[in-house]
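Asker: I am attaching a structure below and will ask some questions about it afterwards.
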Amino acid sequence: MTDGLSVRDLAFSYGSKDALKGVSFDLPRGRFCALLGPNGAGKSTLVSLLTRLLVSPGGEISIAGQDLRRTPGRALARLGVVFQQPTLDLDLTVRQNLSYFAALHGLPRNGLPARIEAALRRLDMAERADEKVRALNGGHRRRTELARALLHEPQVLLLDEPTVGLDAASRAGIVAHVHDLAEQGLCVLWTTHLTDEVRDTDHLLVLHRGGILAEGSTGDIRGEQSLSDWFLQKTGGNA
Amino acid sequence: MSAWLNVLRAIVGREFLRFVHQRERFLSALVRPLVWLLIFAAGFRAALGVSIIPPYQTYITYETYIVPGLCAMILLFNGMQSSLSLVYDREMGSMRLLLTSPFPRWWLLLCRLLGSSAISVLQVYAFLAIAALFDITMPLMGYVAAVPGVFLGGIMLGALGLVLSSFIKQLENFAGVMNFVIFPMFFLSSALYPLWKMAESSELLHDICALNPFTYVVELIRFLLYLQFNGVALLWVLGSTLVFGAAALWGYDPSRGLMKRKS
């Protein structure tokens, strides 16, 4: 059990097909952890379980010390999520999207405008607060989602393939920003199938066929090989 | 407590904003019953005589007869449409956001249901206003009395939509369900013809109509519009709402239903 994200013996199956089996890991706060896995490795299932869109029959998930099964409300209140699918309301402005989210998370209305302003400023989105999301490009939409995921000051941040569909500059910007957040004390779990988003100093979890294939510091795991070569070799090249 | 109300306000507010932004949806929801009222009913007026049955105290035209049924039709389409929108991928996104809120799921779903029903009420009254322009009117106080009935009917059919949305995996399947739910529900009810007329042609069809919860939404609204109270209809609508609501909660339970599939 850590103050960050802790997962014990997690298993899940769709009918007779095992999607996850015996997955356990501990991530302390202040760590950037990349969850790398080829398509179909079970990343989406893990994300659904961590966000309680699915509940597994066995195993435990604890978010900042709160058990997701026993106290789901308290656990979810400590979790920030950026989903792979866009979840912004295109017809609402950036600010309206954030205040909708704030209400869903039970944030007090007092001081909310300042809180939103600060969250947007951190991601250089303040001047776009009153633009409709439909008018924003992909990179700005992602930044809005990231600002929103941080609005309730979560202790754990989960990002599910957050750079899909972004251009190189936007991708690099988001990767760098989230690394900064980890350095400031957030526990970050970043799922991806792109090896170039992972730094040598990052903690790495490799998910393959529903189980953890490797865990540790990225530099140690890849050894002399490039991460991409290592990954292709270990996962049968279907990255 | 205020945080709970805040959630309600935010979700209902969002439904209103979406409603304002989707004018096409509003218009089509309005045109559909108007086509029935101004074209279909006019054509059938001669063919279908409606005799004096409660709550009417005098002979009425066919147009007058089908107004409550068309109000319920708006509720039915809206209930199905709001759940249809949940099936869209983009909507699945916003559903994810909703369902990962720390508030209990039943409250989140109830708020959404209240929001979409409130929109349905607005649409029903827009329809009634246009019908009035064509001289198809009800007692003035009847319009006021019918509000809770329309709202409750909206909740019942919205809950049914939630149930369907939680079990339907793909949009293509949903189109089929629309046909298998909307049309039978509408035609096997008292919306277009009184049940005794149905009994003249087929006892079996009459019995099916009498078991269709939609019939009671129509009758509840019909009686309230004439300032009368139909207890049986109210009980049917309340009971069906509870059943559909419970089924929706079951369907949206994270350990089964909606999300239990590869997405």
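Chain labels run A, B, ... following the order of the structure tokens; each chain numbers its residues from 1, and ligands are numbered from 1 in the order shown.
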Select, as a compact mmCIF listing (two decimals) with N, CA and C atoms, in the first residue's frame, those residues of chain A with any atom no more than 10 Å from chain B (distances computed using only C-alpha atoms).
Answerer:
# COMPACT_ATOMS: atom_id res chain seq x y z
N SER A 13 -12.29 -10.65 -16.71
CA SER A 13 -12.50 -11.36 -17.98
C SER A 13 -13.80 -10.91 -18.62
N TYR A 14 -13.79 -10.89 -19.96
CA TYR A 14 -15.01 -10.65 -20.71
C TYR A 14 -15.54 -12.02 -21.11
N GLY A 15 -16.55 -12.49 -20.42
CA GLY A 15 -17.02 -13.84 -20.68
C GLY A 15 -15.90 -14.82 -20.33
N ALA A 19 -8.98 -10.81 -19.75
CA ALA A 19 -8.39 -9.56 -20.21
C ALA A 19 -7.22 -9.17 -19.30
N GLY A 40 -4.52 -4.43 -27.25
CA GLY A 40 -5.10 -5.69 -26.80
C GLY A 40 -4.40 -6.28 -25.59
N GLY A 42 -4.61 -5.21 -22.57
CA GLY A 42 -5.44 -5.06 -21.38
C GLY A 42 -5.37 -3.66 -20.77
N SER A 44 -6.86 -0.82 -21.73
CA SER A 44 -8.18 -0.17 -21.59
C SER A 44 -8.97 -0.77 -20.45
N THR A 45 -8.86 -2.09 -20.30
CA THR A 45 -9.57 -2.76 -19.20
C THR A 45 -9.04 -2.26 -17.87
N SER A 48 -10.39 1.13 -17.20
CA SER A 48 -11.80 1.07 -16.79
C SER A 48 -11.94 0.62 -15.34
N LEU A 49 -11.08 -0.31 -14.93
CA LEU A 49 -11.15 -0.79 -13.55
C LEU A 49 -10.67 0.30 -12.58
N LEU A 50 -9.61 1.02 -12.96
CA LEU A 50 -9.07 2.06 -12.09
C LEU A 50 -10.04 3.22 -11.92
N THR A 51 -10.89 3.44 -12.94
CA THR A 51 -11.83 4.56 -12.87
C THR A 51 -13.22 4.08 -12.45
N ARG A 52 -13.33 2.80 -12.11
CA ARG A 52 -14.57 2.20 -11.64
C ARG A 52 -15.69 2.20 -12.67
N LEU A 53 -15.31 2.29 -13.96
CA LEU A 53 -16.31 2.05 -15.00
C LEU A 53 -16.62 0.57 -15.01
N LEU A 54 -15.63 -0.23 -14.60
CA LEU A 54 -15.82 -1.66 -14.40
C LEU A 54 -15.39 -1.99 -12.98
N VAL A 55 -16.00 -3.03 -12.44
CA VAL A 55 -15.56 -3.50 -11.13
C VAL A 55 -15.15 -4.96 -11.29
N SER A 56 -13.98 -5.30 -10.77
CA SER A 56 -13.53 -6.69 -10.92
C SER A 56 -14.05 -7.50 -9.74
N PRO A 57 -14.28 -8.78 -9.98
CA PRO A 57 -14.78 -9.62 -8.89
C PRO A 57 -13.75 -9.78 -7.77
N THR A 71 -14.72 2.53 -0.48
CA THR A 71 -15.07 3.96 -0.44
C THR A 71 -14.85 4.57 -1.82
N PRO A 72 -15.72 4.17 -2.77
CA PRO A 72 -15.49 4.62 -4.15
C PRO A 72 -15.52 6.15 -4.29
N GLY A 73 -16.41 6.81 -3.56
CA GLY A 73 -16.53 8.26 -3.67
C GLY A 73 -15.23 8.94 -3.28
N ARG A 74 -14.67 8.53 -2.12
CA ARG A 74 -13.44 9.17 -1.65
C ARG A 74 -12.26 8.84 -2.55
N ALA A 75 -12.25 7.61 -3.07
CA ALA A 75 -11.15 7.22 -3.95
C ALA A 75 -11.21 8.02 -5.26
N LEU A 76 -12.41 8.12 -5.85
CA LEU A 76 -12.54 8.84 -7.13
C LEU A 76 -12.25 10.33 -6.97
N ALA A 77 -12.53 10.87 -5.78
CA ALA A 77 -12.29 12.29 -5.54
C ALA A 77 -10.79 12.59 -5.56
N ARG A 78 -9.96 11.57 -5.34
CA ARG A 78 -8.51 11.77 -5.32
C ARG A 78 -7.85 11.42 -6.65
N LEU A 79 -8.68 11.09 -7.63
CA LEU A 79 -8.15 10.64 -8.92
C LEU A 79 -8.50 11.63 -10.03
N GLY A 80 -7.50 12.00 -10.81
CA GLY A 80 -7.76 12.81 -12.01
C GLY A 80 -7.57 11.92 -13.22
N VAL A 81 -8.47 12.07 -14.21
CA VAL A 81 -8.40 11.17 -15.37
C VAL A 81 -8.43 11.96 -16.67
N VAL A 82 -7.57 11.60 -17.60
CA VAL A 82 -7.72 12.05 -18.99
C VAL A 82 -7.96 10.80 -19.81
N PHE A 83 -9.17 10.68 -20.33
CA PHE A 83 -9.53 9.49 -21.10
C PHE A 83 -8.98 9.58 -22.51
N GLN A 84 -8.82 8.41 -23.10
CA GLN A 84 -8.37 8.36 -24.49
C GLN A 84 -9.41 9.02 -25.41
N GLN A 85 -10.69 8.69 -25.18
CA GLN A 85 -11.76 9.30 -25.96
C GLN A 85 -11.95 10.75 -25.50
N PRO A 86 -12.25 11.66 -26.43
CA PRO A 86 -12.53 13.03 -26.01
C PRO A 86 -13.78 13.06 -25.14
N THR A 87 -13.73 13.77 -24.04
CA THR A 87 -14.90 13.83 -23.15
C THR A 87 -15.34 15.27 -22.93
N LEU A 88 -14.89 16.17 -23.80
CA LEU A 88 -15.32 17.56 -23.65
C LEU A 88 -16.63 17.75 -24.39
N ASP A 89 -17.44 18.69 -23.90
CA ASP A 89 -18.66 19.03 -24.59
C ASP A 89 -18.32 20.11 -25.62
N LEU A 90 -18.42 19.77 -26.90
CA LEU A 90 -17.93 20.66 -27.95
C LEU A 90 -18.68 21.97 -28.02
N ASP A 91 -19.95 21.96 -27.63
CA ASP A 91 -20.76 23.17 -27.76
C ASP A 91 -20.64 24.10 -26.56
N LEU A 92 -19.92 23.66 -25.55
CA LEU A 92 -19.72 24.52 -24.39
C LEU A 92 -18.33 25.16 -24.47
N GLN A 96 -17.03 26.63 -19.30
CA GLN A 96 -18.26 25.89 -18.95
C GLN A 96 -17.97 24.41 -18.75
N ASN A 97 -17.08 23.86 -19.58
CA ASN A 97 -16.70 22.46 -19.40
C ASN A 97 -16.08 22.24 -18.04
N SER A 99 -16.45 24.10 -15.32
CA SER A 99 -17.33 24.28 -14.17
C SER A 99 -18.35 23.15 -14.06
N TYR A 100 -18.70 22.54 -15.21
CA TYR A 100 -19.55 21.34 -15.16
C TYR A 100 -18.82 20.24 -14.39
N PHE A 101 -17.57 20.06 -14.73
CA PHE A 101 -16.76 19.04 -14.05
C PHE A 101 -16.65 19.34 -12.55
N ALA A 102 -16.43 20.62 -12.23
CA ALA A 102 -16.29 21.01 -10.82
C ALA A 102 -17.53 20.61 -10.02
N ALA A 103 -18.70 20.83 -10.63
CA ALA A 103 -19.95 20.46 -9.94
C ALA A 103 -20.04 18.96 -9.77
N LEU A 104 -19.66 18.22 -10.83
CA LEU A 104 -19.71 16.75 -10.74
C LEU A 104 -18.79 16.24 -9.64
N HIS A 105 -17.76 17.01 -9.32
CA HIS A 105 -16.84 16.57 -8.28
C HIS A 105 -17.12 17.22 -6.94
N GLY A 106 -18.24 17.94 -6.86
CA GLY A 106 -18.64 18.51 -5.58
C GLY A 106 -17.73 19.62 -5.09
N LEU A 107 -17.04 20.32 -6.02
CA LEU A 107 -16.20 21.44 -5.57
C LEU A 107 -17.09 22.60 -5.19
N PRO A 108 -16.69 23.34 -4.13
CA PRO A 108 -17.53 24.46 -3.71
C PRO A 108 -17.58 25.55 -4.78
N ARG A 109 -18.74 26.22 -4.88
CA ARG A 109 -18.87 27.28 -5.90
C ARG A 109 -18.10 28.53 -5.52
Asker: Find the residues around B:Ala191 up to 12 Å (only C-alpha atoms counted), leave out those fewer than 4 positions away in its own chain, and share them as a compact mmCIF listing (two decimals) with N, CA and C atoms, in the first residue's frame.
Answerer:
# COMPACT_ATOMS: atom_id res chain seq x y z
N PRO B 33 -45.01 15.21 -34.31
CA PRO B 33 -46.39 15.14 -33.85
C PRO B 33 -47.31 16.08 -34.64
N TRP B 36 -48.61 14.33 -37.64
CA TRP B 36 -49.69 13.44 -37.24
C TRP B 36 -50.98 14.20 -36.99
N LEU B 37 -50.82 15.32 -36.31
CA LEU B 37 -52.01 16.06 -35.89
C LEU B 37 -52.70 16.73 -37.08
N ALA B 41 -54.40 13.05 -38.73
CA ALA B 41 -55.67 13.13 -38.01
C ALA B 41 -56.77 13.73 -38.88
N TYR B 62 -61.41 14.00 -33.90
CA TYR B 62 -60.30 13.06 -33.79
C TYR B 62 -59.00 13.79 -33.42
N GLU B 63 -58.83 15.00 -33.97
CA GLU B 63 -57.63 15.78 -33.63
C GLU B 63 -57.51 15.97 -32.12
N THR B 64 -58.64 16.30 -31.51
CA THR B 64 -58.62 16.52 -30.07
C THR B 64 -58.25 15.22 -29.35
N TYR B 65 -58.80 14.12 -29.88
CA TYR B 65 -58.54 12.84 -29.22
C TYR B 65 -57.05 12.50 -29.19
N ILE B 66 -56.35 12.74 -30.31
CA ILE B 66 -54.97 12.22 -30.35
C ILE B 66 -53.93 13.17 -29.74
N VAL B 67 -54.36 14.38 -29.33
CA VAL B 67 -53.37 15.30 -28.75
C VAL B 67 -52.59 14.68 -27.57
N PRO B 68 -53.27 14.07 -26.57
CA PRO B 68 -52.48 13.49 -25.46
C PRO B 68 -51.53 12.38 -25.94
N GLY B 69 -52.00 11.60 -26.91
CA GLY B 69 -51.15 10.54 -27.44
C GLY B 69 -49.91 11.12 -28.11
N LEU B 70 -50.08 12.26 -28.78
CA LEU B 70 -48.93 12.87 -29.45
C LEU B 70 -47.99 13.51 -28.44
N CYS B 71 -48.56 14.04 -27.34
CA CYS B 71 -47.69 14.54 -26.25
C CYS B 71 -46.82 13.39 -25.75
N ALA B 72 -47.45 12.24 -25.54
CA ALA B 72 -46.70 11.08 -25.03
C ALA B 72 -45.70 10.60 -26.07
N MET B 73 -46.04 10.78 -27.34
CA MET B 73 -45.12 10.40 -28.41
C MET B 73 -43.84 11.23 -28.33
N ILE B 74 -44.00 12.52 -28.05
CA ILE B 74 -42.81 13.38 -27.89
C ILE B 74 -41.95 12.85 -26.75
N LEU B 76 -41.84 9.82 -25.64
CA LEU B 76 -41.26 8.53 -26.04
C LEU B 76 -40.03 8.74 -26.92
N PHE B 183 -42.35 1.84 -32.21
CA PHE B 183 -43.58 1.59 -32.96
C PHE B 183 -44.58 0.72 -32.20
N PRO B 184 -44.16 -0.44 -31.69
CA PRO B 184 -45.15 -1.23 -30.93
C PRO B 184 -45.73 -0.47 -29.75
N MET B 185 -44.86 0.25 -29.04
CA MET B 185 -45.37 0.97 -27.87
C MET B 185 -46.42 2.00 -28.26
N PHE B 186 -46.16 2.66 -29.38
CA PHE B 186 -47.05 3.73 -29.80
C PHE B 186 -48.35 3.18 -30.37
N PHE B 187 -48.22 2.19 -31.27
CA PHE B 187 -49.43 1.69 -31.93
C PHE B 187 -50.26 0.78 -31.03
N LEU B 195 -59.29 2.30 -26.39
CA LEU B 195 -59.12 0.85 -26.24
C LEU B 195 -60.37 0.08 -26.61
N LYS B 197 -62.34 0.63 -28.98
CA LYS B 197 -62.35 0.46 -30.44
C LYS B 197 -61.47 -0.72 -30.82
N MET B 198 -60.32 -0.78 -30.14
CA MET B 198 -59.39 -1.87 -30.37
C MET B 198 -60.06 -3.20 -30.05
N CYS B 209 -52.68 -3.82 -25.40
CA CYS B 209 -52.71 -2.36 -25.19
C CYS B 209 -52.91 -2.04 -23.72
N ALA B 210 -53.77 -2.83 -23.08
CA ALA B 210 -54.09 -2.56 -21.69
C ALA B 210 -52.93 -2.91 -20.76
N ASN B 212 -49.74 -2.25 -21.79
CA ASN B 212 -48.64 -1.41 -22.25
C ASN B 212 -48.54 -0.17 -21.36
N PRO B 213 -47.43 0.00 -20.65
CA PRO B 213 -47.32 1.16 -19.75
C PRO B 213 -47.50 2.49 -20.48
N PHE B 214 -47.14 2.49 -21.78
CA PHE B 214 -47.28 3.74 -22.55
C PHE B 214 -48.74 4.19 -22.60
N THR B 215 -49.67 3.22 -22.69
CA THR B 215 -51.09 3.56 -22.67
C THR B 215 -51.42 4.44 -21.47
N TYR B 216 -50.80 4.11 -20.33
CA TYR B 216 -51.15 4.83 -19.11
C TYR B 216 -50.50 6.20 -19.04
N VAL B 217 -49.36 6.35 -19.72
CA VAL B 217 -48.80 7.71 -19.84
C VAL B 217 -49.80 8.57 -20.62
N VAL B 218 -50.30 8.01 -21.73
CA VAL B 218 -51.26 8.74 -22.57
C VAL B 218 -52.51 9.08 -21.75
N GLU B 219 -53.05 8.10 -21.05
CA GLU B 219 -54.31 8.32 -20.31
C GLU B 219 -54.11 9.28 -19.14
N LEU B 220 -52.96 9.16 -18.46
CA LEU B 220 -52.68 10.09 -17.36
C LEU B 220 -52.71 11.53 -17.87
N ILE B 221 -52.05 11.75 -19.00
CA ILE B 221 -52.00 13.10 -19.56
C ILE B 221 -53.39 13.51 -20.06
N ARG B 222 -54.09 12.58 -20.71
CA ARG B 222 -55.42 12.88 -21.25
C ARG B 222 -56.37 13.34 -20.13
Asker: Show me, as a PyMOL selection string, the residues that have an atom within 12 Å of B:Ile52 when counting only C-alpha atoms, minus same-chain residues fewer than 3 positions from it.
Answerer: chain B and resi 49+55-62+65+194+196
Asker: Skipping near chain neighbours, those fewer than 3 positions away, what residues fall within 12 Å of A:His203 using only C-alpha atoms, listed as a PyMOL selection string?
Answerer: chain A and resi 25-36+179+182+187-191+198-200+206+214-222
Asker: Once you have the residues from the selection above, write them out as a short mmCIF file (atom, residue, chain, number, x, y, z; two decimals), in the first residue's frame, restricted to N, CA and C atoms.
Answerer:
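Listed below is the output, part.cif:
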data_model
loop_
_atom_site.label_atom_id
_atom_site.label_comp_id
_atom_site.auth_asym_id
_atom_site.auth_seq_id
_atom_site.Cartn_x
_atom_site.Cartn_y
_atom_site.Cartn_z
N PHE A 25 0.75 -3.81 -8.68
CA PHE A 25 1.87 -2.85 -8.67
C PHE A 25 1.60 -1.75 -7.66
N ASP A 26 2.66 -1.07 -7.24
CA ASP A 26 2.56 0.06 -6.32
C ASP A 26 3.28 1.25 -6.91
N LEU A 27 2.60 2.38 -6.95
CA LEU A 27 3.24 3.59 -7.45
C LEU A 27 3.16 4.66 -6.38
N PRO A 28 4.32 5.12 -5.88
CA PRO A 28 4.28 6.19 -4.88
C PRO A 28 4.00 7.54 -5.52
N ARG A 29 3.74 8.52 -4.70
CA ARG A 29 3.56 9.88 -5.23
C ARG A 29 4.90 10.41 -5.71
N GLY A 30 4.83 11.34 -6.65
CA GLY A 30 6.06 11.91 -7.17
C GLY A 30 6.71 11.06 -8.23
N ARG A 31 6.00 10.07 -8.73
CA ARG A 31 6.61 9.20 -9.73
C ARG A 31 5.79 9.23 -11.02
N PHE A 32 6.53 9.26 -12.12
CA PHE A 32 5.89 9.15 -13.43
C PHE A 32 6.04 7.71 -13.87
N CYS A 33 4.92 7.03 -14.02
CA CYS A 33 4.98 5.64 -14.44
C CYS A 33 4.34 5.49 -15.81
N ALA A 34 5.08 4.93 -16.74
CA ALA A 34 4.54 4.68 -18.07
C ALA A 34 4.04 3.24 -18.11
N LEU A 35 2.81 3.08 -18.54
CA LEU A 35 2.26 1.74 -18.70
C LEU A 35 2.26 1.45 -20.19
N LEU A 36 3.19 0.59 -20.58
CA LEU A 36 3.39 0.34 -22.00
C LEU A 36 2.80 -1.02 -22.34
N HIS A 179 5.37 15.23 -16.93
CA HIS A 179 6.57 14.89 -16.16
C HIS A 179 6.81 15.92 -15.06
N ALA A 182 4.62 15.21 -12.13
CA ALA A 182 5.11 14.11 -11.29
C ALA A 182 6.21 14.62 -10.37
N CYS A 187 1.28 11.42 -8.35
CA CYS A 187 1.53 10.07 -8.83
C CYS A 187 0.88 9.96 -10.21
N VAL A 188 1.67 9.71 -11.24
CA VAL A 188 1.15 9.72 -12.61
C VAL A 188 1.23 8.33 -13.22
N LEU A 189 0.11 7.88 -13.77
CA LEU A 189 0.13 6.65 -14.57
C LEU A 189 -0.28 7.02 -15.99
N TRP A 190 0.65 6.78 -16.92
CA TRP A 190 0.47 7.24 -18.30
C TRP A 190 0.46 6.01 -19.20
N THR A 191 -0.65 5.68 -19.81
CA THR A 191 -0.64 4.49 -20.67
C THR A 191 -0.34 4.90 -22.10
N VAL A 198 8.45 7.58 -23.40
CA VAL A 198 8.96 7.13 -22.11
C VAL A 198 10.42 7.56 -21.94
N ARG A 199 10.72 8.15 -20.77
CA ARG A 199 12.10 8.55 -20.50
C ARG A 199 12.80 7.47 -19.69
N ASP A 200 14.14 7.45 -19.75
CA ASP A 200 14.89 6.43 -19.03
C ASP A 200 14.67 6.47 -17.53
N VAL A 206 5.26 -2.90 -18.05
CA VAL A 206 4.93 -3.42 -19.38
C VAL A 206 3.82 -4.45 -19.23
N ALA A 214 7.07 -6.84 -17.35
CA ALA A 214 8.28 -6.29 -16.74
C ALA A 214 7.91 -5.06 -15.94
N GLU A 215 8.67 -4.81 -14.87
CA GLU A 215 8.44 -3.60 -14.08
C GLU A 215 9.77 -3.11 -13.54
N GLY A 216 9.98 -1.81 -13.58
CA GLY A 216 11.21 -1.25 -13.03
C GLY A 216 11.55 0.05 -13.72
N SER A 217 12.77 0.49 -13.51
CA SER A 217 13.21 1.72 -14.15
C SER A 217 13.44 1.45 -15.64
N THR A 218 13.00 2.35 -16.47
CA THR A 218 13.06 2.13 -17.92
C THR A 218 14.47 1.83 -18.39
N GLY A 219 15.44 2.59 -17.89
CA GLY A 219 16.83 2.42 -18.29
C GLY A 219 17.32 1.02 -17.97
N ASP A 220 16.99 0.52 -16.77
CA ASP A 220 17.42 -0.83 -16.37
C ASP A 220 16.77 -1.89 -17.25
N ILE A 221 15.49 -1.67 -17.56
CA ILE A 221 14.77 -2.69 -18.31
C ILE A 221 15.30 -2.83 -19.73
N ARG A 222 15.53 -1.72 -20.37
CA ARG A 222 15.91 -1.81 -21.79
C ARG A 222 17.38 -2.19 -21.97
#
Asker: So that I can check the surroundings of B:Ser117, please list as an NGL selection string every protein, DNA and RNA residue that reaches within 8 Å of it, counting only C-alpha atoms and ignoring chain neighbours fewer than 4 positions away.
Answerer: :B and (75 or 79 or 113 or 121 or 151-152 or 154-155 or 158)
Asker: DSSP on the backbone: what in stretch 36-233 of chain A comes out strand (DSSP E), as JSON, numbers by chain?
Answerer: {"A": [36, 60, 61, 62, 63, 66, 67, 79, 80, 81, 82, 156, 157, 158, 159, 160, 187, 188, 189, 190, 191, 192, 203, 204, 205, 206, 207, 208, 211, 212, 213, 214, 215, 216, 217]}
Asker: By how many Å are atom CA of A:Leu150 and atom CA of B:Val12 apart?
Answerer: 23.8 Å
Asker: Skip B:Ala247 itself and residues of its chain fewer than 3 positions away, then list as a list in words all residues within 12 Å of it, counting only C-alpha atoms.
Answerer: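 Non-adjacent residues within range: Trp106, Met156, Ala159, Leu160, Gly161, Leu162, Val163, Leu164, Ser165, Ser166, Phe167, Ser240, Thr241, Leu242, Val243, Phe244, Trp250, Gly251, Tyr252, Asp253, Arg256, Gly257 and Leu258 of chain B.
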Asker: To one decimal place in Å, what is the distance between atom CA of A:Ala168 and atom CA of A:Arg143?
Answerer: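 These two atoms are separated by 14.3 Å.
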Asker: Neighbours of A:Gly58 within 12 Å (only C-alpha atoms; same-chain residues fewer than 6 positions away dropped), as a list in words?
Answerer: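 Skipping anything fewer than 6 positions along the chain leaves Val7, Arg8, Asp9, Leu10, Ala11, Phe12, Ser13, Leu20, Lys21, Gly22, Val23, Leu49 and Arg69 of chain A; Ser255 of chain B.
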Asker: Generate a file of the selected residues that holds C-alpha atoms, formatted as a short mmCIF file (atom, residue, chain, number, x, y, z; two decimals), in the first residue's frame.
Answerer:
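The new file part-v3.cif reads:
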data_model
loop_
_atom_site.label_atom_id
_atom_site.label_comp_id
_atom_site.auth_asym_id
_atom_site.auth_seq_id
_atom_site.Cartn_x
_atom_site.Cartn_y
_atom_site.Cartn_z
CA VAL A 7 -3.16 -2.45 -7.27
CA ARG A 8 -3.32 -6.01 -5.89
CA ASP A 9 -4.17 -9.22 -7.74
CA LEU A 10 -6.44 -7.58 -10.24
CA ALA A 11 -8.16 -9.89 -12.69
CA PHE A 12 -10.93 -9.39 -15.19
CA SER A 13 -12.50 -11.36 -17.98
CA LEU A 20 -6.29 -9.16 -17.05
CA LYS A 21 -4.89 -11.71 -14.65
CA GLY A 22 -2.96 -11.25 -11.42
CA VAL A 23 -1.93 -7.65 -11.99
CA LEU A 49 -11.15 -0.79 -13.55
CA ARG A 69 -14.34 -0.87 -3.62
CA SER B 255 -19.76 -4.93 -12.28
#
Asker: So the first atom is atom CA of B:Leu27 and the second is atom CA of B:Asn179; what is the distance between them in Å, to one decimal place?
Answerer: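 Those two atoms sit 21.1 Å apart.
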Asker: If you run DSSP on this backbone, which residues of stretch 62-150 of chain A come out as alpha helix (DSSP H), and could you give them as a PyMOL selection string?
Answerer: chain A and resi 72-77+94-104+112-122+138-149
